[in-house]
file input_1.tsv (TSV, C-alpha atoms)
chain	number	residue	atom	x	y	z
O	138	MET	CA	31.33	8.97	42.26
O	139	LEU	CA	31.94	10.88	39.06
O	140	LYS	CA	33.21	7.73	37.39
O	141	GLN	CA	30.06	5.93	38.43
O	142	SER	CA	27.77	8.53	36.91
O	143	VAL	CA	29.79	8.62	33.70
O	144	LEU	CA	29.32	4.86	33.40
O	145	ILE	CA	25.58	5.13	34.07
O	146	ALA	CA	25.27	7.89	31.47
O	147	LEU	CA	27.19	5.74	28.99
O	148	ALA	CA	24.91	2.75	29.57
O	149	LEU	CA	21.79	4.90	29.21
O	150	ALA	CA	23.03	6.62	26.06
O	151	LEU	CA	23.91	3.25	24.53
O	152	ALA	CA	20.51	1.81	25.43
O	153	VAL	CA	18.40	4.69	24.15
O	154	GLY	CA	20.57	5.59	21.17
O	155	GLY	CA	21.19	1.99	20.15
O	156	GLY	CA	17.53	1.10	20.50
O	157	ALA	CA	16.33	4.04	18.43
O	158	ALA	CA	19.04	3.63	15.80
O	159	SER	CA	18.38	-0.08	15.37
O	160	VAL	CA	14.64	0.50	14.91
O	161	GLY	CA	15.34	3.19	12.33
O	162	LEU	CA	17.79	0.93	10.54
O	163	VAL	CA	15.43	-2.04	10.37
O	164	LEU	CA	12.46	0.07	9.23
O	165	GLY	CA	14.58	1.79	6.60
O	166	SER	CA	16.08	-1.38	5.17
O	167	GLY	CA	12.84	-2.45	3.51
O	168	GLU	CA	13.40	-6.07	4.40
O	169	GLY	CA	10.37	-7.51	6.04
O	170	ILE	CA	9.06	-10.42	7.98
O	171	GLY	CA	6.05	-12.17	6.47
O	172	ALA	CA	7.32	-11.88	2.90
O	173	VAL	CA	6.26	-14.45	0.33
O	174	SER	CA	8.61	-14.94	-2.59
O	175	VAL	CA	7.79	-16.42	-5.98
O	176	GLY	CA	10.92	-16.40	-8.13
O	177	PRO	CA	12.25	-12.83	-8.08
O	178	TRP	CA	8.89	-11.44	-6.93
O	179	THR	CA	8.10	-10.70	-3.29
O	180	ALA	CA	4.72	-9.92	-1.75
O	181	TYR	CA	3.64	-8.97	1.76
O	182	PRO	CA	0.11	-10.36	2.06
O	183	ASP	CA	-0.18	-9.40	5.73
O	184	ILE	CA	1.02	-5.80	5.56
O	185	GLY	CA	-1.54	-3.32	6.82
O	186	THR	CA	-3.78	-5.97	8.36
O	187	PRO	CA	-4.32	-6.53	12.07
O	188	GLU	CA	-2.36	-9.81	11.72
O	189	ALA	CA	0.80	-8.01	10.58
O	190	ASP	CA	4.03	-8.30	12.57
O	191	PRO	CA	5.21	-5.33	14.70
O	192	TYR	CA	7.84	-4.31	12.12
O	193	SER	CA	5.25	-4.03	9.34
O	194	LYS	CA	2.93	-2.14	11.66
O	195	ALA	CA	5.64	0.35	12.55
O	196	ARG	CA	6.50	0.83	8.89
O	197	VAL	CA	2.86	1.40	7.96
O	198	ALA	CA	2.57	4.05	10.69
O	199	ARG	CA	5.85	5.75	9.84
O	200	ASP	CA	5.36	5.94	6.08
O	201	GLY	CA	1.64	6.70	6.12
O	202	ILE	CA	0.84	3.69	3.97
O	203	LEU	CA	-2.74	2.66	3.32
O	204	ALA	CA	-2.19	-0.92	2.18
O	205	LEU	CA	-4.45	-2.76	-0.24
O	206	GLY	CA	-7.05	-4.95	1.43
O	207	ARG	CA	-7.51	-8.64	0.72
O	208	ALA	CA	-10.56	-8.01	-1.49
O	209	GLU	CA	-8.71	-5.34	-3.42
O	210	GLY	CA	-5.48	-6.89	-4.54
O	211	LEU	CA	-1.92	-7.93	-3.88
O	212	SER	CA	1.37	-6.31	-4.95
O	213	PHE	CA	4.48	-8.20	-5.95
O	214	ALA	CA	7.74	-6.28	-6.16
O	215	ALA	CA	11.03	-7.39	-7.69
O	216	GLU	CA	14.37	-5.74	-6.94
O	217	ARG	CA	16.41	-8.37	-8.75
O	218	ASP	CA	16.09	-10.27	-12.00
O	219	SER	CA	15.69	-14.04	-12.14
O	220	ASP	CA	19.48	-14.47	-11.98
O	221	GLY	CA	19.67	-12.51	-8.74
O	222	VAL	CA	21.25	-9.35	-10.17
O	223	LEU	CA	19.87	-5.96	-9.03
O	224	LEU	CA	17.56	-4.29	-11.55
O	225	ARG	CA	18.99	-1.11	-13.07
O	226	ARG	CA	17.35	1.59	-15.14
O	227	GLU	CA	20.24	1.59	-17.65
O	228	CYS	CA	19.43	-1.97	-18.67
O	229	THR	CA	16.70	-3.57	-20.70
O	230	TYR	CA	14.70	-6.43	-19.26
O	231	ARG	CA	12.22	-8.90	-20.61
O	232	ILE	CA	9.38	-10.04	-18.37
O	233	GLU	CA	8.11	-13.29	-19.77
O	234	GLY	CA	5.57	-15.82	-18.63
O	235	SER	CA	2.06	-16.04	-17.31
O	236	LEU	CA	0.50	-14.34	-14.33
O	237	PRO	CA	-1.86	-15.71	-11.67
O	238	ILE	CA	-5.61	-15.43	-12.03
O	239	ALA	CA	-6.90	-11.91	-11.40
O	240	ARG	CA	-9.47	-9.58	-12.86
O	241	PHE	CA	-6.63	-7.48	-14.17
O	242	TRP	CA	-3.07	-6.55	-13.25
O	243	THR	CA	-0.83	-3.52	-13.57
O	244	LEU	CA	2.93	-3.21	-13.97
O	245	TYR	CA	5.08	-0.19	-13.14
O	246	ALA	CA	8.62	0.67	-12.09
O	247	THR	CA	9.68	2.52	-8.95
O	248	ASP	CA	12.93	3.88	-7.59
O	249	LYS	CA	14.44	2.75	-4.29
O	250	SER	CA	12.14	4.89	-2.17
O	251	GLN	CA	9.08	3.46	-3.92
O	252	VAL	CA	8.31	6.58	-5.91
O	253	VAL	CA	6.88	5.73	-9.33
O	254	LEU	CA	9.30	6.38	-12.19
O	255	ARG	CA	7.92	8.90	-14.63
O	256	SER	CA	8.41	7.67	-18.14
O	257	PRO	CA	9.73	9.93	-20.90
O	258	ALA	CA	7.81	11.25	-23.91
O	259	GLN	CA	4.37	11.40	-22.30
O	260	ARG	CA	4.00	7.66	-22.07
O	261	ARG	CA	2.01	6.32	-19.17
O	262	PRO	CA	4.23	5.10	-16.34
O	263	SER	CA	2.38	1.80	-16.15
O	264	LEU	CA	1.06	-1.05	-18.25
O	265	ASN	CA	-2.04	-3.07	-17.49
O	266	SER	CA	-3.40	-6.41	-18.59
O	267	LEU	CA	-6.21	-4.83	-20.63
O	268	GLU	CA	-3.76	-3.23	-23.05
O	269	VAL	CA	-0.93	-5.76	-23.41
O	270	LEU	CA	-0.43	-7.99	-26.43
O	271	ARG	CA	-0.46	-11.67	-25.61
O	272	GLN	CA	1.30	-14.74	-26.97
O	273	PRO	CA	-0.77	-17.56	-28.51
O	274	ASP	CA	-0.61	-19.44	-25.17
O	275	ASN	CA	-1.99	-16.39	-23.27
O	276	SER	CA	1.36	-15.60	-21.65
O	277	VAL	CA	2.87	-12.13	-21.94
O	278	SER	CA	6.25	-10.78	-22.93
O	279	ILE	CA	7.05	-7.23	-21.85
O	280	GLU	CA	10.19	-5.22	-22.60
O	281	VAL	CA	11.35	-2.80	-19.91
O	282	GLY	CA	13.91	-0.18	-20.86
O	283	ALA	CA	14.69	3.29	-22.10
O	284	ARG	CA	14.62	2.42	-25.82
O	285	ALA	CA	11.37	1.95	-27.68
O	286	THR	CA	10.65	-1.65	-28.64
O	287	PRO	CA	7.85	-3.24	-30.62
O	288	GLY	CA	5.23	-5.19	-28.70
O	289	ASN	CA	4.74	-4.43	-25.03
O	290	TRP	CA	7.07	-1.74	-23.77
O	291	LEU	CA	7.31	-0.28	-20.28
O	292	ALA	CA	9.33	2.91	-20.68
O	293	VAL	CA	11.77	3.87	-17.94
O	294	SER	CA	14.46	6.51	-17.95
O	295	GLY	CA	17.32	7.74	-15.83
O	296	SER	CA	19.91	5.67	-14.06
O	297	GLY	CA	20.27	3.77	-10.84
O	298	GLU	CA	18.48	0.91	-9.19
O	299	MET	CA	14.80	0.25	-9.68
O	300	SER	CA	12.07	-2.14	-8.66
O	301	LEU	CA	9.33	-3.58	-10.80
O	302	VAL	CA	5.89	-3.89	-9.23
O	303	VAL	CA	3.09	-6.15	-10.45
O	304	THR	CA	-0.24	-5.67	-8.68
O	305	LEU	CA	-3.01	-8.24	-9.11
O	306	TYR	CA	-6.49	-6.83	-8.54
O	307	ASP	CA	-9.49	-8.78	-7.30
O	308	THR	CA	-7.53	-12.00	-7.17
O	309	PRO	CA	-8.03	-15.24	-5.25
O	310	VAL	CA	-4.25	-15.19	-4.67
O	311	ALA	CA	-4.73	-12.44	-2.07
O	312	ALA	CA	-6.52	-14.86	0.21
O	313	SER	CA	-3.66	-16.32	2.22
O	314	THR	CA	-4.35	-19.87	1.06
O	315	GLY	CA	-3.94	-18.98	-2.61
O	316	ILE	CA	-0.38	-17.73	-2.49
O	317	SER	CA	1.46	-21.04	-2.54
O	318	GLY	CA	1.94	-22.71	-5.88
O	319	ILE	CA	1.35	-19.67	-8.06
O	320	GLU	CA	3.41	-18.87	-11.11
O	321	MET	CA	4.99	-15.49	-11.81
O	322	PRO	CA	6.86	-14.41	-14.94
O	323	ARG	CA	10.63	-14.54	-15.31
O	324	ILE	CA	12.71	-11.37	-15.52
O	325	SER	CA	15.72	-11.72	-17.79
O	326	ARG	CA	18.27	-9.04	-18.48
O	327	GLY	CA	19.06	-7.85	-22.00
O	328	GLN	CA	21.65	-5.19	-22.73
O	329	CYS	CA	22.95	-2.40	-20.54
O	330	ASP	CA	24.16	1.08	-21.39
O	331	ALA	CA	27.66	1.52	-20.06
G	65	MET	CA	37.94	-1.74	33.18
G	66	ARG	CA	35.50	-4.35	34.45
G	67	LYS	CA	33.12	-1.58	35.39
G	68	LEU	CA	33.28	-0.18	31.86
G	69	LEU	CA	32.53	-3.59	30.37
G	70	HIS	CA	29.67	-3.98	32.80
G	71	ALA	CA	28.26	-0.60	31.75
G	72	LEU	CA	28.58	-1.55	28.07
G	73	ALA	CA	26.81	-4.87	28.66
G	74	VAL	CA	23.99	-3.11	30.50
G	75	GLY	CA	23.81	-0.63	27.60
G	76	VAL	CA	23.51	-3.38	24.98
G	77	VAL	CA	20.78	-5.21	26.92
G	78	GLY	CA	19.05	-1.86	27.42
G	79	ALA	CA	19.29	-1.17	23.69
G	80	GLY	CA	17.49	-4.44	23.05
G	81	ILE	CA	14.70	-3.48	25.43
G	82	ALA	CA	14.53	0.05	23.97
G	83	HIS	CA	14.35	-1.45	20.46
G	84	ILE	CA	11.25	-3.47	21.36
G	85	VAL	CA	9.60	-0.62	23.29
G	86	ILE	CA	10.22	1.96	20.52
G	87	LEU	CA	9.01	-0.49	17.86
G	88	LEU	CA	5.74	-1.07	19.68
G	89	LEU	CA	5.26	2.63	20.39
G	90	VAL	CA	5.86	3.88	16.83
G	91	PRO	CA	2.29	3.14	15.63
G	92	SER	CA	0.69	5.03	18.53
G	93	PHE	CA	2.97	8.06	18.42
G	94	SER	CA	3.66	8.46	14.73
G	95	GLU	CA	2.78	11.90	13.40
G	96	ARG	CA	3.40	10.83	9.84
G	97	ASP	CA	0.77	8.11	9.62
G	98	ALA	CA	-2.07	8.29	7.14
G	99	TRP	CA	-4.54	9.70	9.66
G	100	SER	CA	-2.29	12.58	10.69
G	101	ARG	CA	-1.45	13.43	7.09
G	102	LEU	CA	-5.11	13.50	6.13
G	103	ALA	CA	-5.97	15.56	9.21
G	104	MET	CA	-3.47	18.17	8.08
G	105	VAL	CA	-5.25	18.81	4.77
G	106	ALA	CA	-8.93	18.25	5.51
G	107	GLY	CA	-11.47	17.93	8.28
G	108	PRO	CA	-13.51	14.80	9.00
G	109	ASN	CA	-16.11	13.69	6.42
G	110	LYS	CA	-14.35	15.62	3.68
G	111	VAL	CA	-13.30	13.64	0.62
G	112	VAL	CA	-9.63	14.16	-0.29
G	113	ARG	CA	-8.00	12.97	-3.50
G	114	LEU	CA	-4.87	10.95	-2.75
G	115	ASP	CA	-3.43	10.69	-6.26
G	116	ALA	CA	-1.01	13.16	-7.78
G	117	ASP	CA	-3.34	13.96	-10.68
G	118	ILE	CA	-4.96	16.84	-8.81
G	119	GLY	CA	-1.58	18.56	-8.63
G	120	GLY	CA	0.95	18.77	-5.85
G	121	THR	CA	2.39	15.88	-3.94
G	122	PRO	CA	0.05	13.10	-2.86
G	123	VAL	CA	-1.25	13.38	0.68
G	124	VAL	CA	-0.65	9.74	1.45
G	125	LYS	CA	1.51	7.43	-0.62
G	126	ALA	CA	-0.86	6.36	-3.40
G	127	LEU	CA	1.27	3.90	-5.22
G	128	ASP	CA	-0.26	2.50	-8.38
G	129	PRO	CA	-0.13	5.16	-11.13
G	130	SER	CA	-3.05	3.56	-12.98
G	131	PHE	CA	-5.36	4.25	-10.07
G	132	PHE	CA	-7.08	7.35	-8.77
G	133	GLU	CA	-7.87	7.32	-5.07
G	134	ALA	CA	-9.93	9.33	-2.65
G	135	ALA	CA	-10.19	9.14	1.11
G	136	CYS	CA	-12.19	10.57	3.97
G	137	ARG	CA	-11.87	10.37	7.72
G	138	PHE	CA	-14.88	9.50	9.83
G	139	ASP	CA	-15.88	9.43	13.46
G	140	LEU	CA	-18.72	7.08	14.39
G	141	SER	CA	-19.27	8.44	17.90
G	142	GLU	CA	-21.98	10.80	16.67
G	143	GLY	CA	-23.69	8.78	13.96
G	144	VAL	CA	-23.20	6.40	11.06
G	145	VAL	CA	-21.26	7.35	7.93
G	146	ARG	CA	-22.58	6.69	4.45
G	147	ILE	CA	-20.31	6.68	1.40
G	148	ASP	CA	-22.10	6.70	-1.91
G	149	ASN	CA	-21.95	7.78	-5.51
G	150	ALA	CA	-24.18	7.25	-8.51
G	151	GLY	CA	-21.52	6.92	-11.22
G	152	LYS	CA	-20.02	3.88	-12.93
G	153	VAL	CA	-16.34	3.13	-13.54
G	154	PRO	CA	-14.60	-0.02	-14.87
G	155	TYR	CA	-13.43	-1.07	-11.41
G	156	TRP	CA	-13.52	0.36	-7.95
G	157	SER	CA	-12.61	-1.01	-4.58
G	158	ALA	CA	-13.08	0.36	-1.10
G	159	SER	CA	-11.28	-0.19	2.18
G	160	VAL	CA	-12.00	0.79	5.75
G	161	TYR	CA	-8.92	1.53	7.83
G	162	ASP	CA	-8.75	2.07	11.57
G	163	ARG	CA	-7.07	5.05	13.23
G	164	GLY	CA	-3.63	3.41	12.89
G	165	GLY	CA	-3.98	2.68	9.17
G	166	GLU	CA	-4.75	-1.03	9.47
G	167	ASN	CA	-7.05	-2.40	6.83
G	168	ILE	CA	-10.03	-3.91	8.61
G	169	TYR	CA	-12.52	-4.35	5.80
G	170	SER	CA	-12.30	-4.25	2.02
G	171	PHE	CA	-14.54	-5.01	-0.90
G	172	ASN	CA	-14.93	-4.17	-4.58
G	173	ASP	CA	-17.62	-3.44	-7.14
G	174	ARG	CA	-18.44	-7.14	-7.63
G	175	THR	CA	-19.54	-7.30	-4.00
G	176	ALA	CA	-21.86	-4.33	-4.27
G	177	THR	CA	-25.51	-4.25	-5.29
G	178	ASP	CA	-25.58	-3.65	-9.07
G	179	GLY	CA	-22.01	-2.43	-8.92
G	180	SER	CA	-22.74	0.96	-7.43
G	181	LEU	CA	-20.78	2.47	-4.59
G	182	ASP	CA	-23.05	2.70	-1.57
G	183	PHE	CA	-22.02	1.59	1.87
G	184	VAL	CA	-22.57	2.53	5.47
G	185	VAL	CA	-19.98	2.22	8.21
G	186	VAL	CA	-21.49	1.44	11.59
G	187	THR	CA	-20.45	0.18	14.99
G	188	PRO	CA	-22.04	-3.07	16.24
G	189	ALA	CA	-24.23	-1.08	18.66
G	190	GLN	CA	-25.48	1.20	15.90
G	191	MET	CA	-26.14	-1.86	13.73
G	192	ILE	CA	-28.49	-3.28	16.35
G	193	GLU	CA	-30.38	0.04	16.44
G	194	LEU	CA	-30.53	0.20	12.64
G	195	ARG	CA	-31.83	-3.36	12.31
G	196	LYS	CA	-34.89	-2.53	14.38
G	197	ASP	CA	-36.14	-0.11	11.78
G	198	LEU	CA	-34.10	0.04	8.60
G	199	PRO	CA	-34.45	3.45	6.91
G	200	GLN	CA	-35.68	3.32	3.32
G	201	GLU	CA	-32.59	4.97	1.86
G	202	PHE	CA	-30.31	2.26	3.27
G	203	GLU	CA	-32.16	-0.54	1.45
G	204	LYS	CA	-29.44	-1.22	-1.10
G	205	SER	CA	-26.45	-0.24	1.02
G	206	ILE	CA	-23.72	-2.57	2.19
G	207	PHE	CA	-23.23	-2.40	5.94
G	208	VAL	CA	-19.68	-2.45	7.22
G	209	GLU	CA	-19.69	-3.27	10.90
G	210	THR	CA	-16.51	-2.16	12.63
G	211	PRO	CA	-15.52	-2.22	16.27
G	212	ILE	CA	-13.80	1.18	15.88
G	213	ASP	CA	-14.94	4.76	16.33
G	214	GLU	CA	-12.46	6.66	14.19
G	215	GLY	CA	-11.20	5.54	10.85
G	216	ILE	CA	-10.46	6.24	7.22
G	217	VAL	CA	-12.36	5.15	4.12
G	218	VAL	CA	-10.42	4.89	0.86
G	219	VAL	CA	-12.02	4.38	-2.54
G	220	ARG	CA	-9.74	3.34	-5.40
G	221	ALA	CA	-10.80	3.49	-9.03
G	222	PHE	CA	-8.95	2.01	-12.00
G	223	VAL	CA	-8.02	4.18	-14.99
G	224	PRO	CA	-7.55	1.73	-17.92
G	225	ASP	CA	-6.21	4.44	-20.25
G	226	GLU	CA	-5.96	8.21	-20.71
G	227	SER	CA	-9.48	8.55	-22.07
G	228	TRP	CA	-10.95	7.31	-18.80
G	229	LYS	CA	-9.26	9.99	-16.68
G	230	PRO	CA	-12.11	12.57	-16.74
G	231	THR	CA	-14.77	9.93	-16.03
G	232	VAL	CA	-12.85	8.39	-13.14
G	233	SER	CA	-12.01	11.84	-11.75
G	234	ARG	CA	-15.67	12.79	-11.82
G	235	PHE	CA	-16.57	9.53	-10.10
G	236	LEU	CA	-14.17	10.19	-7.23
G	237	ASP	CA	-15.07	13.87	-6.90
G	238	GLY	CA	-18.74	12.92	-6.68
G	239	ILE	CA	-18.29	10.70	-3.65
G	240	ASN	CA	-20.24	11.67	-0.56
G	241	CYS	CA	-18.90	10.77	2.85
G	242	GLU	CA	-21.60	12.11	5.10
G	243	MET	CA	-22.72	11.56	8.63
G	244	GLN	CA	-26.31	10.34	8.75

call {"tool": "encode", "arguments": {"input": "input_1.tsv", "output": "structure tokens"}}
result
Amino acid sequence: MLKQSVLIALALALAVGGGAASVGLVLGSGEGIGAVSVGPWTAYPDIGTPEADPYSKARVARDGILALGRAEGLSFAAERDSDGVLLRRECTYRIEGSLPIARFWTLYATDKSQVVLRSPAQRRPSLNSLEVLRQPDNSVSIEVGARATPGNWLAVSGSGEMSLVVTLYDTPVAASTGISGIEMPRISRGQCDA
Amino acid sequence: MRKLLHALAVGVVGAGIAHIVILLLVPSFSERDAWSRLAMVAGPNKVVRLDADIGGTPVVKALDPSFFEAACRFDLSEGVVRIDNAGKVPYWSASVYDRGGENIYSFNDRTATDGSLDFVVVTPAQMIELRKDLPQEFEKSIFVETPIDEGIVVVRAFVPDESWKPTVSRFLDGINCEMQ
């Protein structure tokens, strides 16, 4: 009798504990269903909409996110460079290429928990398309790193992993039909501090 | 031994069921969602700044650092809610979220009449009533028809550079979110 109840307790504990732990693990991992990738950049066009999958819905509820609507814009985040290596704050990166059509876009860096990295020396933590210098063919080239560089420079500091986020505002790309066949800039790594 | 394996198998299947049940219940029971966080700092129809610029930690994750954001909660069961402001900024966008934080309607300044922020959130039933005799002050307003009673309105405004900060702050602080 005692053995029986121990077994029942074990099965229940495994069911409840395992279920809760696996939900926590999946929601914490940041990987999502419904992601659209363009090169190293990933966007979640459905997040925060009624069409989102249950995992996105749970994440929105748990983190208190108020996601951008379709008429507002679309965010692309990159955790890795174009060669597939994780982005690190100790390294310098060059973001090069052209961006999809939008009224304007912004670029900033975040840490792993999606908190915006404060940049040193009173620089703004973000760049936007109204202030960047452009190449003759209208593409952009932006340096990301701790050391000041001429041209477009997004200042980051500290060490550890980071993500780069490009948000397109008022863009036709945000309509679900527009997302295929768009072009996003390359991220190539320069030097790293040891 | 066989009984132990049986119990483990039942446990694993149960964990799968619990996973699905918990996942589907998180949105309805979360106390950390946007609505609950806003409710902790302000009552309904009060405009709250979401960005960190006002000091302290942001109420709700407001991600883009080149944006200032403001939000207010509304409840349509007692009347319609009008959100308006007379100011001008380079870009603003507005979203209506339901109780669970899902974006059900969004638009930006290019959608609005002469670019000014003025919209009214109504339920379909209230819309029918309003259409019968449209009040004069609603002439230029955008009507957002939603099937929900409770929700959140968020207005986001772009800050192109440092010099725009005071103007954009004033724009957001001047937003009304009143029951009509």

call {"tool": "atom_distance", "arguments": {"input": "input_1.tsv", "atom1": "atom CA of O:Glu227", "atom2": "atom CA of O:Thr247"}}
result
13.7 Å

call {"tool": "interface_residues", "arguments": {"input": "input_1.tsv", "of": "chain O", "to": "chain G", "cutoff": "8 Å", "atoms": "all atoms listed in the file", "output": "ChimeraX atom specification"}}
result
/O:144-145,147-157,159-160,185-187,191-192,194-195,197-209,243,245,251-253,262-263,265,267,307

call {"tool": "atom_distance", "arguments": {"input": "input_1.tsv", "atom1": "atom CA of O:Arg240", "atom2": "atom CA of O:Thr308"}}
result
6.5 Å

call {"tool": "atom_distance", "arguments": {"input": "input_1.tsv", "atom1": "atom CA of O:Ala283", "atom2": "atom CA of O:Gly295"}}
result
8.1 Å

call {"tool": "residues_around", "arguments": {"input": "input_1.tsv", "residues": "G:Leu114", "least_positions_apart": "4", "cutoff": "6 Å", "atoms": "all atoms listed in the file", "output": "list in words"}}
result
Pro122, Val123, Glu133 and Ala134 of chain G

call {"tool": "residues_around", "arguments": {"input": "input_1.tsv", "residues": "O:Val310", "least_positions_apart": "3", "cutoff": "12 Å", "atoms": "all atoms listed in the file", "output": "ChimeraX atom specification"}}
result
/O:173,180-182,207-213,236-240,304-307,313-321

call {"tool": "closest_residue", "arguments": {"input": "input_1.tsv", "among": "O:Ala312, O:Val281, O:Leu264, O:Ala246", "to": "O:Ser300", "atoms": "all atoms listed in the file"}}
result
O:Ala246

call {"tool": "axis_aligned_box", "arguments": {"input": "input_1.tsv", "around": "stretch 189-207 of chain G", "padding_each_side": "4 Å", "output": "lines of an AutoDock Vina configuration file"}}
result
center_x = -29.7
center_y = 0.8
center_z = 8.8
size_x = 20.9
size_y = 16.3
size_z = 27.8

call {"tool": "residues_around", "arguments": {"input": "input_1.tsv", "residues": "O:Arg260", "least_positions_apart": "4", "cutoff": "9 Å", "atoms": "all atoms listed in the file", "output": "ChimeraX atom specification"}}
result
/O:255-256,291-292

call {"tool": "closest_residue", "arguments": {"input": "input_1.tsv", "among": "O:Ile184, O:Val302, O:Val143, O:Ile232", "to": "O:Ser276", "atoms": "only C-alpha atoms"}}
result
O:Ile232

call {"tool": "build_atoms", "arguments": {"input": "input_1.tsv", "residues": "stretch 119-138 of chain G", "atoms": "N, CA and C atoms", "output": "CSV table (one decimal), in the coordinates of the input"}}
result
chain,number,residue,atom,x,y,z
G,119,GLY,N,-2.7,17.6,-8.8
G,119,GLY,CA,-1.6,18.6,-8.6
G,119,GLY,C,-1.0,18.5,-7.2
G,120,GLY,N,0.3,18.8,-7.1
G,120,GLY,CA,1.0,18.8,-5.8
G,120,GLY,C,1.3,17.4,-5.5
G,121,THR,N,2.0,17.2,-4.4
G,121,THR,CA,2.4,15.9,-3.9
G,121,THR,C,1.2,15.2,-3.3
G,122,PRO,N,1.1,13.8,-3.5
G,122,PRO,CA,0.0,13.1,-2.9
G,122,PRO,C,0.1,13.2,-1.3
G,123,VAL,N,-1.1,13.2,-0.8
G,123,VAL,CA,-1.2,13.4,0.7
G,123,VAL,C,-0.7,12.1,1.4
G,124,VAL,N,-1.1,11.0,0.9
G,124,VAL,CA,-0.6,9.7,1.4
G,124,VAL,C,-0.1,9.0,0.3
G,125,LYS,N,0.9,8.2,0.5
G,125,LYS,CA,1.5,7.4,-0.6
G,125,LYS,C,0.4,6.7,-1.4
G,126,ALA,N,0.1,7.1,-2.6
G,126,ALA,CA,-0.9,6.4,-3.4
G,126,ALA,C,0.0,5.7,-4.5
G,127,LEU,N,0.2,4.5,-4.4
G,127,LEU,CA,1.3,3.9,-5.2
G,127,LEU,C,1.0,3.7,-6.7
G,128,ASP,N,-0.1,2.9,-7.0
G,128,ASP,CA,-0.3,2.5,-8.4
G,128,ASP,C,-0.6,3.7,-9.3
G,129,PRO,N,0.2,4.0,-10.3
G,129,PRO,CA,-0.1,5.2,-11.1
G,129,PRO,C,-1.3,5.0,-12.0
G,130,SER,N,-1.8,3.7,-12.2
G,130,SER,CA,-3.0,3.6,-13.0
G,130,SER,C,-4.3,3.6,-12.1
G,131,PHE,N,-4.2,4.1,-10.9
G,131,PHE,CA,-5.4,4.2,-10.1
G,131,PHE,C,-5.5,5.7,-9.6
G,132,PHE,N,-6.8,6.1,-9.5
G,132,PHE,CA,-7.1,7.4,-8.8
G,132,PHE,C,-7.7,6.9,-7.4
G,133,GLU,N,-7.4,7.7,-6.4
G,133,GLU,CA,-7.9,7.3,-5.1
G,133,GLU,C,-8.4,8.5,-4.3
G,134,ALA,N,-9.4,8.3,-3.5
G,134,ALA,CA,-9.9,9.3,-2.6
G,134,ALA,C,-10.2,8.8,-1.3
G,135,ALA,N,-10.0,9.6,-0.3
G,135,ALA,CA,-10.2,9.1,1.1
G,135,ALA,C,-11.0,10.1,1.9
G,136,CYS,N,-11.6,9.6,3.0
G,136,CYS,CA,-12.2,10.6,4.0
G,136,CYS,C,-12.1,10.0,5.3
G,137,ARG,N,-11.9,10.8,6.3
G,137,ARG,CA,-11.9,10.4,7.7
G,137,ARG,C,-13.3,10.4,8.3
G,138,PHE,N,-13.6,9.5,9.2
G,138,PHE,CA,-14.9,9.5,9.8
G,138,PHE,C,-14.8,9.3,11.3
